[in-house]
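Here is the file entry_13.txt (compact mmCIF, C-alpha atoms).
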```
# COMPACT_ATOMS: atom_id res chain seq x y z
CA MET V 1 4.16 29.64 36.02
CA LEU V 2 5.33 26.74 33.95
CA ARG V 3 5.12 24.17 36.74
CA ASN V 4 2.00 22.84 38.39
CA GLY V 5 1.18 23.96 41.93
CA ALA V 6 -0.62 22.08 44.69
CA GLU V 7 -3.94 23.60 43.53
CA SER V 8 -3.07 25.02 40.11
CA PHE V 9 -2.17 23.89 36.62
CA GLY V 10 1.04 25.35 35.16
CA LEU V 11 1.32 26.53 31.57
CA VAL V 12 3.09 23.38 30.33
CA SER V 13 0.35 21.04 31.58
CA ARG V 14 -2.38 23.28 30.18
CA LEU V 15 -0.71 23.57 26.78
CA LEU V 16 -0.23 19.79 26.68
CA HIS V 17 -3.86 19.22 27.72
CA TRP V 18 -5.38 21.52 25.10
CA GLY V 19 -2.84 20.67 22.40
CA ILE V 20 -3.54 16.97 22.78
CA ALA V 21 -7.29 17.63 23.06
CA GLY V 22 -7.20 19.49 19.72
CA LEU V 23 -5.18 16.69 18.13
CA VAL V 24 -7.59 14.08 19.45
CA VAL V 25 -10.60 15.90 17.96
CA VAL V 26 -8.84 16.10 14.57
CA MET V 27 -7.70 12.47 14.81
CA LEU V 28 -11.13 11.16 15.74
CA SER V 29 -12.80 12.85 12.79
CA LEU V 30 -9.96 11.84 10.46
CA GLY V 31 -9.93 8.26 11.70
CA LEU V 32 -13.69 7.88 11.40
CA ARG V 33 -13.49 9.23 7.88
CA LEU V 34 -10.67 6.84 6.89
CA GLU V 35 -12.71 3.94 8.21
CA ASP V 36 -15.23 4.11 5.38
CA MET V 37 -13.36 6.06 2.75
CA GLN V 38 -12.70 4.60 -0.69
CA PRO V 39 -8.96 5.15 -1.03
CA GLY V 40 -7.56 6.69 -4.19
CA LEU V 41 -4.55 8.73 -5.22
CA ALA V 42 -6.31 11.96 -4.25
CA ASN V 43 -6.90 10.98 -0.63
CA LEU V 44 -3.99 8.64 0.07
CA TRP V 45 -2.24 11.48 1.90
CA LEU V 46 -4.93 11.38 4.60
CA TYR V 47 -3.53 8.04 5.79
CA GLY V 48 -0.10 9.66 6.04
CA LEU V 49 -1.59 12.57 7.96
CA HIS V 50 -3.37 10.21 10.36
CA LYS V 51 -0.12 8.34 11.03
CA SER V 52 1.86 11.56 11.44
CA LEU V 53 -0.60 13.13 13.88
CA GLY V 54 -0.96 9.79 15.66
CA LEU V 55 2.76 9.63 16.36
CA LEU V 56 2.66 13.28 17.43
CA THR V 57 -0.13 12.43 19.89
CA LEU V 58 1.87 9.51 21.26
CA SER V 59 4.97 11.68 21.63
CA LEU V 60 3.07 14.46 23.38
CA MET V 61 1.48 11.93 25.73
CA LEU V 62 4.91 10.58 26.66
CA ALA V 63 6.14 14.14 27.20
CA ARG V 64 3.05 14.80 29.34
CA ILE V 65 3.70 11.76 31.52
CA LEU V 66 7.36 12.71 31.95
CA TRP V 67 6.35 16.28 32.79
CA HIS V 68 3.84 15.07 35.36
CA LEU V 69 6.47 12.86 36.98
CA TYR V 70 8.62 15.99 37.27
CA SER V 71 5.77 18.35 38.15
CA PRO V 72 2.72 16.44 39.45
CA PRO V 73 -0.67 17.89 38.55
CA PRO V 74 -3.05 19.11 41.30
CA ARG V 75 -5.68 16.73 42.64
CA PRO V 76 -9.26 16.94 41.36
CA ILE V 77 -11.23 19.63 43.18
CA GLY V 78 -13.48 18.35 45.94
CA GLY V 79 -13.22 14.77 47.00
CA GLY V 80 -15.23 11.64 47.54
CA TRP V 81 -16.39 9.33 44.78
CA GLN V 82 -16.41 12.06 42.13
CA ALA V 83 -12.71 12.77 42.63
CA ARG V 84 -11.96 9.05 42.54
CA ALA V 85 -14.03 8.67 39.38
CA ALA V 86 -12.23 11.67 37.83
CA ARG V 87 -8.81 10.18 38.58
CA ALA V 88 -9.84 6.80 37.19
CA THR V 89 -11.18 8.45 34.03
CA HIS V 90 -8.02 10.52 33.60
CA GLY V 91 -5.88 7.41 34.06
CA ALA V 92 -7.97 5.48 31.52
CA ILE V 93 -7.75 8.33 28.99
CA TYR V 94 -3.96 8.44 29.41
CA LEU V 95 -3.71 4.69 28.85
CA LEU V 96 -5.95 4.90 25.79
CA LEU V 97 -3.97 7.79 24.32
CA LEU V 98 -0.89 5.58 24.51
CA ALA V 99 -2.55 2.32 23.44
CA ILE V 100 -4.51 3.73 20.49
CA PRO V 101 -1.54 5.21 18.61
CA LEU V 102 0.57 2.16 19.47
CA SER V 103 -2.05 -0.26 18.14
CA GLY V 104 -2.30 1.82 14.96
CA TRP V 105 1.47 1.73 14.56
CA ILE V 106 1.55 -2.04 15.19
CA GLY V 107 -1.27 -2.65 12.68
CA SER V 108 0.43 -0.46 10.07
CA ALA V 109 3.78 -2.19 10.56
CA ALA V 110 2.08 -5.60 10.28
CA THR V 111 0.86 -4.73 6.76
CA GLY V 112 4.47 -4.86 5.60
CA LEU V 113 4.39 -1.29 4.34
CA ASP V 114 6.76 1.33 5.70
CA VAL V 115 5.15 3.57 8.29
CA VAL V 116 6.22 6.97 6.98
CA ILE V 117 5.35 10.14 8.87
CA PHE V 118 5.39 13.71 7.65
CA ASP V 119 6.39 12.34 4.22
CA ARG V 120 9.90 12.02 5.51
CA TRP V 121 10.64 9.68 8.40
CA THR V 122 10.16 5.94 8.33
CA LEU V 123 9.26 4.57 11.74
CA PRO V 124 10.72 1.26 12.89
CA ALA V 125 8.54 -1.75 12.11
CA ILE V 126 7.42 -2.71 15.60
CA ALA V 127 5.44 -5.78 14.57
CA PRO V 128 6.01 -8.80 12.35
CA VAL V 129 4.44 -8.70 8.89
CA SER V 130 1.35 -10.78 9.59
CA PRO V 131 -2.32 -10.61 8.59
CA ASP V 132 -3.23 -11.81 12.10
CA TRP V 133 -1.31 -9.05 13.82
CA GLU V 134 -2.73 -6.54 11.38
CA ALA V 135 -6.34 -7.62 11.88
CA ARG V 136 -6.05 -7.80 15.66
CA ALA V 137 -4.17 -4.54 16.06
CA PHE V 138 -6.66 -2.60 13.92
CA ALA V 139 -9.63 -4.25 15.67
CA LEU V 140 -8.12 -3.13 18.97
CA HIS V 141 -7.39 0.35 17.53
CA ASP V 142 -11.05 0.61 16.58
CA ALA V 143 -12.50 -0.76 19.84
CA LEU V 144 -10.24 1.35 22.08
CA THR V 145 -11.16 4.44 20.08
CA LYS V 146 -14.86 3.81 20.74
CA VAL V 147 -14.09 3.49 24.46
CA LEU V 148 -12.10 6.74 24.27
CA ILE V 149 -15.02 8.57 22.68
CA LEU V 150 -17.29 7.44 25.52
CA LEU V 151 -14.78 8.47 28.18
CA LEU V 152 -14.20 11.84 26.51
CA PHE V 153 -17.92 12.60 26.63
CA LEU V 154 -17.91 11.62 30.30
CA HIS V 155 -14.80 13.75 30.94
CA MET V 156 -16.19 16.82 29.12
CA GLY V 157 -19.64 16.38 30.65
CA ALA V 158 -18.20 16.13 34.16
CA ALA V 159 -15.95 19.16 33.65
CA LEU V 160 -18.88 21.23 32.37
CA LYS V 161 -21.14 20.03 35.19
CA ARG V 162 -18.61 20.97 37.88
CA GLU V 163 -17.97 24.31 36.21
CA MET V 164 -21.71 24.98 36.22
CA ASP V 165 -21.79 23.96 39.87
CA GLY V 166 -19.21 26.71 40.36
CA ASP V 167 -16.14 24.87 41.63
CA GLY V 168 -13.85 26.15 38.85
CA THR V 169 -12.74 22.75 37.54
CA LEU V 170 -12.84 23.80 33.88
CA ARG V 171 -11.60 27.30 34.60
CA ARG V 172 -8.53 25.85 36.31
CA MET V 173 -7.56 23.96 33.15
CA ILE V 174 -7.97 27.16 31.10
CA THR V 175 -6.43 29.84 33.32
CA GLY V 176 -4.47 27.65 35.69
CA ARG V 177 -6.45 28.55 38.84
CA ALA V 178 -9.95 27.65 40.02
CA ARG V 179 -10.50 31.23 41.26
CA ASP V 180 -8.81 34.60 40.92
CA MET Y 1 4.57 -18.23 -24.71
CA ARG Y 2 4.45 -18.17 -28.42
CA PRO Y 3 4.73 -14.86 -30.13
CA THR Y 4 2.20 -13.60 -32.48
CA ILE Y 5 3.02 -12.26 -35.76
CA LEU Y 6 1.51 -9.62 -37.92
CA ALA Y 7 0.18 -11.25 -40.98
CA THR Y 8 1.54 -8.44 -43.05
CA LEU Y 9 4.90 -8.78 -41.48
CA ALA Y 10 4.88 -12.48 -42.03
CA ALA Y 11 4.01 -11.88 -45.63
CA LEU Y 12 6.82 -9.37 -45.93
CA ALA Y 13 9.13 -11.80 -44.29
CA LEU Y 14 8.19 -14.50 -46.69
CA THR Y 15 8.60 -12.39 -49.76
CA ALA Y 16 11.76 -10.63 -48.68
CA LEU Y 17 13.47 -13.37 -46.75
CA PRO Y 18 12.20 -16.74 -47.76
CA ALA Y 19 14.85 -18.33 -45.58
CA THR Y 20 12.85 -17.38 -42.50
CA ALA Y 21 10.07 -19.81 -43.27
CA ARG Y 22 11.19 -22.02 -40.42
CA PRO Y 23 11.35 -21.71 -36.63
CA VAL Y 24 13.93 -19.08 -35.75
CA PRO Y 25 15.31 -18.55 -32.26
CA TYR Y 26 15.38 -15.04 -30.83
CA ILE Y 27 16.98 -13.66 -27.72
CA LEU Y 28 15.65 -10.94 -25.52
CA GLU Y 29 17.14 -7.48 -25.28
CA PRO Y 30 16.42 -7.21 -21.54
CA ALA Y 31 17.27 -3.53 -21.12
CA GLU Y 32 14.69 -2.65 -23.75
CA SER Y 33 12.00 -5.01 -22.52
CA VAL Y 34 9.47 -4.45 -19.82
CA VAL Y 35 6.20 -5.72 -18.45
CA GLY Y 36 3.76 -2.97 -17.68
CA PHE Y 37 0.71 -3.49 -15.53
CA GLU Y 38 -2.21 -1.49 -14.28
CA THR Y 39 -5.00 -2.07 -11.82
CA ASP Y 40 -7.79 -0.02 -10.31
CA PHE Y 41 -7.24 1.93 -7.12
CA GLY Y 42 -10.51 3.59 -6.17
CA PRO Y 43 -11.23 6.06 -8.95
CA ASP Y 44 -7.59 5.93 -10.07
CA LEU Y 45 -5.09 3.51 -11.52
CA ILE Y 46 -1.96 2.03 -10.09
CA THR Y 47 0.53 1.51 -12.87
CA GLY Y 48 3.95 -0.02 -12.80
CA ASP Y 49 6.40 -2.25 -14.49
CA MET Y 50 8.59 -5.24 -13.95
CA PRO Y 51 11.83 -6.12 -15.71
CA VAL Y 52 11.93 -9.11 -18.02
CA LYS Y 53 14.61 -11.45 -16.76
CA THR Y 54 14.80 -14.02 -19.49
CA ALA Y 55 12.85 -14.81 -22.61
CA ASP Y 56 13.27 -17.76 -24.93
CA LEU Y 57 11.48 -17.25 -28.18
CA ILE Y 58 11.21 -19.35 -31.25
CA LEU Y 59 9.28 -17.66 -33.99
CA ASP Y 60 8.02 -19.32 -37.11
CA PHE Y 61 6.82 -16.73 -39.55
CA ASP Y 62 5.48 -19.36 -41.89
CA ARG Y 63 3.60 -21.48 -39.41
CA VAL Y 64 2.68 -19.27 -36.51
CA GLU Y 65 1.55 -22.26 -34.46
CA ASN Y 66 5.12 -23.54 -34.36
CA SER Y 67 6.18 -20.47 -32.40
CA GLN Y 68 7.01 -20.73 -28.73
CA ILE Y 69 7.58 -18.20 -26.00
CA ALA Y 70 8.90 -18.61 -22.49
CA VAL Y 71 9.36 -15.51 -20.36
CA ALA Y 72 10.55 -15.01 -16.78
CA LEU Y 73 10.04 -11.76 -14.91
CA ASP Y 74 12.05 -10.30 -12.08
CA VAL Y 75 9.46 -9.59 -9.38
CA THR Y 76 12.04 -8.05 -7.05
CA GLY Y 77 12.66 -5.30 -9.60
CA ALA Y 78 9.01 -4.27 -9.80
CA GLN Y 79 8.21 -0.58 -9.70
CA ALA Y 80 4.89 1.19 -9.26
CA SER Y 81 3.48 4.65 -9.65
CA PHE Y 82 3.84 5.51 -5.97
CA PRO Y 83 6.18 4.08 -3.32
CA PHE Y 84 3.59 2.34 -1.14
CA ALA Y 85 2.21 0.52 -4.17
CA ALA Y 86 5.60 -0.93 -5.08
CA GLN Y 87 6.16 -2.07 -1.53
CA ALA Y 88 2.65 -3.52 -1.28
CA LEU Y 89 3.07 -5.25 -4.64
CA LYS Y 90 6.29 -6.99 -3.66
CA GLY Y 91 5.22 -7.68 -0.09
CA PRO Y 92 3.90 -10.97 1.29
CA LYS Y 93 0.25 -10.05 0.74
CA VAL Y 94 0.58 -9.67 -3.01
CA LEU Y 95 3.50 -11.08 -5.02
CA ASP Y 96 5.67 -12.08 -2.05
CA SER Y 97 8.90 -11.44 -3.93
CA ALA Y 98 10.99 -12.72 -1.03
CA SER Y 99 9.55 -16.22 -1.48
CA PHE Y 100 8.73 -15.99 -5.19
CA PRO Y 101 11.26 -13.70 -6.88
CA GLU Y 102 10.18 -14.80 -10.33
CA MET Y 103 7.01 -14.92 -12.39
CA SER Y 104 6.97 -16.97 -15.56
CA PHE Y 105 4.96 -17.67 -18.64
CA GLN Y 106 5.28 -20.64 -20.97
CA SER Y 107 3.22 -20.77 -24.14
CA THR Y 108 1.24 -23.90 -24.88
CA ARG Y 109 -0.50 -22.91 -28.08
CA VAL Y 110 -0.19 -20.07 -30.56
CA THR Y 111 -2.89 -19.45 -33.12
CA PRO Y 112 -3.17 -16.71 -35.74
CA GLN Y 113 -5.75 -14.09 -34.83
CA GLY Y 114 -6.39 -11.11 -37.05
CA GLU Y 115 -3.12 -9.37 -37.66
CA GLY Y 116 -1.58 -10.94 -34.60
CA ALA Y 117 -1.96 -14.15 -32.68
CA ALA Y 118 -3.61 -15.56 -29.61
CA VAL Y 119 -1.07 -17.02 -27.24
CA GLU Y 120 -2.33 -19.51 -24.73
CA GLY Y 121 -0.03 -20.59 -22.00
CA LEU Y 122 0.66 -21.20 -18.37
CA LEU Y 123 1.33 -18.25 -16.10
CA THR Y 124 3.02 -18.87 -12.75
CA ILE Y 125 2.65 -16.25 -10.03
CA ARG Y 126 3.47 -16.92 -6.37
CA GLY Y 127 4.14 -20.52 -7.33
CA VAL Y 128 0.57 -20.93 -8.61
CA THR Y 129 0.28 -21.94 -12.26
CA ARG Y 130 -2.86 -21.23 -14.23
CA PRO Y 131 -3.77 -21.03 -17.90
CA VAL Y 132 -4.08 -17.60 -19.47
CA SER Y 133 -4.59 -16.28 -22.95
CA LEU Y 134 -2.73 -13.26 -24.25
CA ASP Y 135 -3.04 -11.31 -27.47
CA ALA Y 136 0.19 -10.90 -29.35
CA MET Y 137 1.48 -8.58 -32.03
CA ILE Y 138 4.91 -8.31 -33.58
CA TRP Y 139 6.53 -5.36 -35.27
CA ARG Y 140 9.77 -4.70 -37.00
CA GLN Y 141 11.81 -2.30 -34.92
CA LYS Y 142 12.35 1.27 -35.99
CA GLY Y 143 15.18 1.81 -38.39
CA HIS Y 144 14.95 -1.62 -39.96
CA ALA Y 145 14.09 -2.10 -43.60
CA GLU Y 146 11.00 -4.01 -44.65
CA GLY Y 147 11.62 -7.70 -44.43
CA ASP Y 148 14.50 -7.29 -42.01
CA LEU Y 149 13.46 -9.52 -39.13
CA SER Y 150 16.72 -9.35 -37.21
CA GLN Y 151 15.23 -7.18 -34.47
CA LEU Y 152 11.58 -7.26 -33.52
CA THR Y 153 9.23 -5.90 -30.92
CA VAL Y 154 6.70 -8.30 -29.42
CA ARG Y 155 3.73 -6.98 -27.50
CA LEU Y 156 1.57 -9.32 -25.45
CA THR Y 157 -1.52 -8.00 -23.74
CA GLY Y 158 -4.01 -9.62 -21.41
CA ALA Y 159 -5.50 -9.55 -17.98
CA VAL Y 160 -5.37 -11.80 -14.95
CA LEU Y 161 -7.28 -11.93 -11.70
CA ARG Y 162 -4.71 -11.69 -8.94
CA SER Y 163 -6.99 -13.59 -6.57
CA ASP Y 164 -6.57 -16.65 -8.82
CA TYR Y 165 -2.94 -16.70 -7.71
CA GLY Y 166 -3.49 -15.96 -4.04
CA ALA Y 167 -2.22 -12.38 -4.42
CA THR Y 168 -5.13 -11.05 -2.43
CA GLY Y 169 -3.65 -8.24 -0.31
CA TRP Y 170 -5.59 -4.96 -0.05
CA ALA Y 171 -8.54 -6.49 -1.90
CA ASP Y 172 -10.80 -3.83 -0.37
CA MET Y 173 -8.76 -1.03 -1.92
CA VAL Y 174 -7.10 -2.37 -5.04
CA GLY Y 175 -8.80 -4.05 -8.00
CA ASP Y 176 -8.64 -7.78 -8.62
CA GLU Y 177 -8.08 -7.52 -12.36
CA VAL Y 178 -4.52 -6.70 -13.37
CA ARG Y 179 -4.05 -5.69 -16.99
CA LEU Y 180 -0.70 -6.61 -18.47
CA THR Y 181 1.27 -5.29 -21.40
CA ILE Y 182 4.46 -7.18 -22.07
CA LEU Y 183 6.77 -5.35 -24.41
CA ALA Y 184 9.75 -7.44 -25.43
CA ARG Y 185 12.40 -6.33 -27.86
CA ILE Y 186 14.10 -9.33 -29.34
CA ALA Y 187 17.00 -10.06 -31.65
CA ARG Y 188 17.38 -13.00 -33.96
CA VAL Y 189 20.13 -15.45 -33.08
CA ASP Y 190 22.16 -15.59 -36.25
```
Step by step, read the file and then write its structure as structure tokens.
Amino acid sequence: MLRNGAESFGLVSRLLHWGIAGLVVVMLSLGLRLEDMQPGLANLWLYGLHKSLGLLTLSLMLARILWHLYSPPPRPIGGGWQARAARATHGAIYLLLLAIPLSGWIGSAATGLDVVIFDRWTLPAIAPVSPDWEARAFALHDALTKVLILLLFLHMGAALKREMDGDGTLRRMITGRARD
Amino acid sequence: MRPTILATLAALALTALPATARPVPYILEPAESVVGFETDFGPDLITGDMPVKTADLILDFDRVENSQIAVALDVTGAQASFPFAAQALKGPKVLDSASFPEMSFQSTRVTPQGEGAAVEGLLTIRGVTRPVSLDAMIWRQKGHAEGDLSQLTVRLTGAVLRSDYGATGWADMVGDEVRLTILARIARVD
């Protein structure tokens, strides 16, 4: 089933979830490396890769939101405060996965250099060329990423905990259903 | 700037063409003239060049100190070894070519130095003028007989700190010292 059910995740949502999760892991390690890397000709392409994958992440997140408007995901299993906390965490992760790429794009545009992705396409400059915009956007990019890392640990920890408790939360995101 | 002259060339000039023992105006051959630069980029170099827009030269092969050089460069035509570097170079954080499309040098003092000359002068970048000293050499161009000073090649070399001129962008990635090689091919105004 491509679409989500009342209690199940469809294939599209699962592919988006794990595809974006994989991208985020790559982007976090890449971004943390860029942060204290001495740039040179040999590693300049890593900045291009970071921008390319960042835009891909943003695009997939927009596709995910549109898909979920069309085919809403099931509610968290169980209820009470844990379900509310799960929904809040999911919402915050969605916001961060939009805001982090956008702040990176804004900071890059503010440097005055073209934001080129996949060595081919130049993105529109969505910010004025300004050292202030650049500094603030990248500071935000950095701070939001640290918040994202915290929330991802919480998200993964909670999913593992509930799986160990036997309610099928993690299994549902892998196979689509909490139980056979 | 004032051009420097090879002592040997000057000697040749004097013996072969005694009429040149006076200040002689030269004009630039812009298509054949270029300013090359390089700066450090991590373990690598960024190289590039900038077209010479105008150059007014008066060379005195007898009294080098009477020579004068004034050069203007076209910042908007700058090129670099990779696309981002050219864009960064011309952008507001470095040369700001939109506000300052021209760089210029005006010699204030030329003194013989070895086979060439030391050219002191005022360099203006981003509207900031500061004194610099360049080393100069002059050669006869290929295909010209000894003593024929109708077409010459002037090479000026030196280094500047871009931070002196407020061109401070990407200071964490790109070196402060910019090494310059100005290669001007000039023709005598007859």
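Near chain Y, within 9 Å and using only C-alpha atoms, the residues of chain V are Gln38, Pro39, Gly40, Leu41, Ala42, Thr111, Gly112, Leu113, Asp114, Val129, Ser130 and Pro131 of chain V.
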Restricted to C-alpha atoms, what would the selected residues look like written as an mmCIF file, in the frame of the given file?
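Contents of the output file selection.cif:
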```cif
data_model
loop_
_atom_site.group_PDB
_atom_site.id
_atom_site.type_symbol
_atom_site.label_atom_id
_atom_site.label_comp_id
_atom_site.auth_asym_id
_atom_site.auth_seq_id
_atom_site.Cartn_x
_atom_site.Cartn_y
_atom_site.Cartn_z
ATOM 1 C CA GLN V 38 -12.700 4.600 -0.690
ATOM 2 C CA PRO V 39 -8.960 5.150 -1.030
ATOM 3 C CA GLY V 40 -7.560 6.690 -4.190
ATOM 4 C CA LEU V 41 -4.550 8.730 -5.220
ATOM 5 C CA ALA V 42 -6.310 11.960 -4.250
ATOM 6 C CA THR V 111 0.860 -4.730 6.760
ATOM 7 C CA GLY V 112 4.470 -4.860 5.600
ATOM 8 C CA LEU V 113 4.390 -1.290 4.340
ATOM 9 C CA ASP V 114 6.760 1.330 5.700
ATOM 10 C CA VAL V 129 4.440 -8.700 8.890
ATOM 11 C CA SER V 130 1.350 -10.780 9.590
ATOM 12 C CA PRO V 131 -2.320 -10.610 8.590
#
```
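Taking CA of Trp18 in chain V and CA of Gly48 in chain V as endpoints, the distance between them is 23.1 Å.
Considering all atoms listed in the file, the residue among V:Leu30, V:Met37, V:Ala109, V:Leu152 positioned nearest to Thr89 in chain V is V:Leu152.
Candidate residues V:Ser108, V:Thr57, V:Gln82, V:Asn4 were compared for distance to Val24 in chain V, and the nearest is V:Thr57, using only C-alpha atoms.
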Rows by chain and residue number, range 44-127 of chain V within 9 Å of range 134-144 of chain V, shortest pair, all atoms listed in the file, as a tab-separated table:
```
residue	atom	partner	partner_atom	distance
V:Leu96	CA	V:Leu144	CA	6.7
V:Ala99	CA	V:Leu144	CA	7.9
V:Ile100	CA	V:His141	CA	5.3
V:Pro101	CA	V:His141	CA	7.7
V:Leu102	CA	V:His141	CA	8.4
V:Ser103	CA	V:Ala137	CA	5.2
V:Gly104	CA	V:His141	CA	5.9
V:Trp105	CA	V:Ala137	CA	8.6
V:Ile106	CA	V:Ala137	CA	6.3
V:Gly107	CA	V:Glu134	CA	4.4
V:Ser108	CA	V:Glu134	CA	7.0
V:Ala109	CA	V:Glu134	CA	7.9
V:Ala110	CA	V:Glu134	CA	5.0
V:Thr111	CA	V:Glu134	CA	6.1
V:Ala127	CA	V:Glu134	CA	8.8
```
Output of the above residues as a PDB file, in the frame of the given file, restricted to C-alpha atoms:
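Below is the file that was written, out.pdb:
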```
ATOM      1  CA  LEU V  96      -5.950   4.900  25.790  1.00  0.00           C
ATOM      2  CA  ALA V  99      -2.550   2.320  23.440  1.00  0.00           C
ATOM      3  CA  ILE V 100      -4.510   3.730  20.490  1.00  0.00           C
ATOM      4  CA  PRO V 101      -1.540   5.210  18.610  1.00  0.00           C
ATOM      5  CA  LEU V 102       0.570   2.160  19.470  1.00  0.00           C
ATOM      6  CA  SER V 103      -2.050  -0.260  18.140  1.00  0.00           C
ATOM      7  CA  GLY V 104      -2.300   1.820  14.960  1.00  0.00           C
ATOM      8  CA  TRP V 105       1.470   1.730  14.560  1.00  0.00           C
ATOM      9  CA  ILE V 106       1.550  -2.040  15.190  1.00  0.00           C
ATOM     10  CA  GLY V 107      -1.270  -2.650  12.680  1.00  0.00           C
ATOM     11  CA  SER V 108       0.430  -0.460  10.070  1.00  0.00           C
ATOM     12  CA  ALA V 109       3.780  -2.190  10.560  1.00  0.00           C
ATOM     13  CA  ALA V 110       2.080  -5.600  10.280  1.00  0.00           C
ATOM     14  CA  THR V 111       0.860  -4.730   6.760  1.00  0.00           C
ATOM     15  CA  ALA V 127       5.440  -5.780  14.570  1.00  0.00           C
TER      16      ALA V 127
END
```
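Counting all atoms listed in the file and comparing Y:Val119, Y:Met50, Y:Ala159, Y:Ala167, the residue that lies closest to Val35 in chain Y is Y:Met50.
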Excluding Met61 in chain V and any residue of its chain fewer than 2 positions from it, enumerate the residues within 10 Å of it, using all atoms listed in the file, and give them as a VMD selection string.
chain V and resid 16 to 17 20 55 to 59 63 to 67 94 to 95 97 to 98
Could you save those same residues with C-alpha atoms as a CSV table (one decimal), in the frame of the given file?
```csv
chain,number,residue,atom,x,y,z
V,16,LEU,CA,-0.2,19.8,26.7
V,17,HIS,CA,-3.9,19.2,27.7
V,20,ILE,CA,-3.5,17.0,22.8
V,55,LEU,CA,2.8,9.6,16.4
V,56,LEU,CA,2.7,13.3,17.4
V,57,THR,CA,-0.1,12.4,19.9
V,58,LEU,CA,1.9,9.5,21.3
V,59,SER,CA,5.0,11.7,21.6
V,63,ALA,CA,6.1,14.1,27.2
V,64,ARG,CA,3.0,14.8,29.3
V,65,ILE,CA,3.7,11.8,31.5
V,66,LEU,CA,7.4,12.7,32.0
V,67,TRP,CA,6.4,16.3,32.8
V,94,TYR,CA,-4.0,8.4,29.4
V,95,LEU,CA,-3.7,4.7,28.8
V,97,LEU,CA,-4.0,7.8,24.3
V,98,LEU,CA,-0.9,5.6,24.5
```
Centre, x/y/z edge lengths, axis-aligned box for range 145-153 of chain V with 6 Å per side, as JSON:
```
{"center_x": -14.5, "center_y": 8.0, "center_z": 24.1, "size_x": 18.8, "size_y": 21.1, "size_z": 20.1}
```
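Pairwise distance (CA of Thr175 in chain V, CA of Ala92 in chain V) equals 24.5 Å.
Across the model, the gap from CA of Thr157 in chain Y to CA of Glu177 in chain Y is 13.1 Å.
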Can you work out which one of Y:Arg162, Y:Arg188, Y:Arg126, Y:Arg155 has the shortest atom-to-atom distance to Pro25 in chain Y, counting all atoms listed in the file?
Y:Arg188
For range 18-31 of chain V of the structure just presented, write N, CA and C atoms to a file, as an mmCIF file, in the first residue's frame.
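Result file part00.cif:
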```cif
data_model
loop_
_atom_site.group_PDB
_atom_site.id
_atom_site.type_symbol
_atom_site.label_atom_id
_atom_site.label_comp_id
_atom_site.auth_asym_id
_atom_site.auth_seq_id
_atom_site.Cartn_x
_atom_site.Cartn_y
_atom_site.Cartn_z
ATOM 1 N N TRP V 18 12.780 7.008 5.881
ATOM 2 C CA TRP V 18 14.125 6.422 5.946
ATOM 3 C C TRP V 18 15.088 7.103 4.972
ATOM 4 N N GLY V 19 14.557 7.572 3.856
ATOM 5 C CA GLY V 19 15.406 8.315 2.909
ATOM 6 C C GLY V 19 15.932 9.591 3.554
ATOM 7 N N ILE V 20 15.012 10.334 4.178
ATOM 8 C CA ILE V 20 15.420 11.583 4.827
ATOM 9 C C ILE V 20 16.318 11.278 6.025
ATOM 10 N N ALA V 21 16.009 10.195 6.754
ATOM 11 C CA ALA V 21 16.846 9.834 7.915
ATOM 12 C C ALA V 21 18.285 9.570 7.457
ATOM 13 N N GLY V 22 18.422 8.822 6.346
ATOM 14 C CA GLY V 22 19.767 8.547 5.819
ATOM 15 C C GLY V 22 20.477 9.833 5.412
ATOM 16 N N LEU V 23 19.735 10.707 4.730
ATOM 17 C CA LEU V 23 20.315 11.992 4.314
ATOM 18 C C LEU V 23 20.766 12.808 5.518
ATOM 19 N N VAL V 24 19.931 12.802 6.561
ATOM 20 C CA VAL V 24 20.249 13.602 7.744
ATOM 21 C C VAL V 24 21.537 13.082 8.402
ATOM 22 N N VAL V 25 21.679 11.760 8.463
ATOM 23 C CA VAL V 25 22.904 11.207 9.068
ATOM 24 C C VAL V 25 24.131 11.652 8.260
ATOM 25 N N VAL V 26 24.028 11.548 6.915
ATOM 26 C CA VAL V 26 25.140 11.972 6.062
ATOM 27 C C VAL V 26 25.402 13.470 6.240
ATOM 28 N N MET V 27 24.302 14.253 6.261
ATOM 29 C CA MET V 27 24.453 15.711 6.350
ATOM 30 C C MET V 27 25.023 16.154 7.687
ATOM 31 N N LEU V 28 24.639 15.470 8.758
ATOM 32 C CA LEU V 28 25.182 15.851 10.068
ATOM 33 C C LEU V 28 26.689 15.606 10.107
ATOM 34 N N SER V 29 27.108 14.436 9.608
ATOM 35 C CA SER V 29 28.546 14.162 9.673
ATOM 36 C C SER V 29 29.304 15.087 8.725
ATOM 37 N N LEU V 30 28.716 15.335 7.554
ATOM 38 C CA LEU V 30 29.361 16.240 6.592
ATOM 39 C C LEU V 30 29.438 17.662 7.149
ATOM 40 N N GLY V 31 28.322 18.114 7.704
ATOM 41 C CA GLY V 31 28.277 19.480 8.231
ATOM 42 C C GLY V 31 29.246 19.677 9.388
#
```
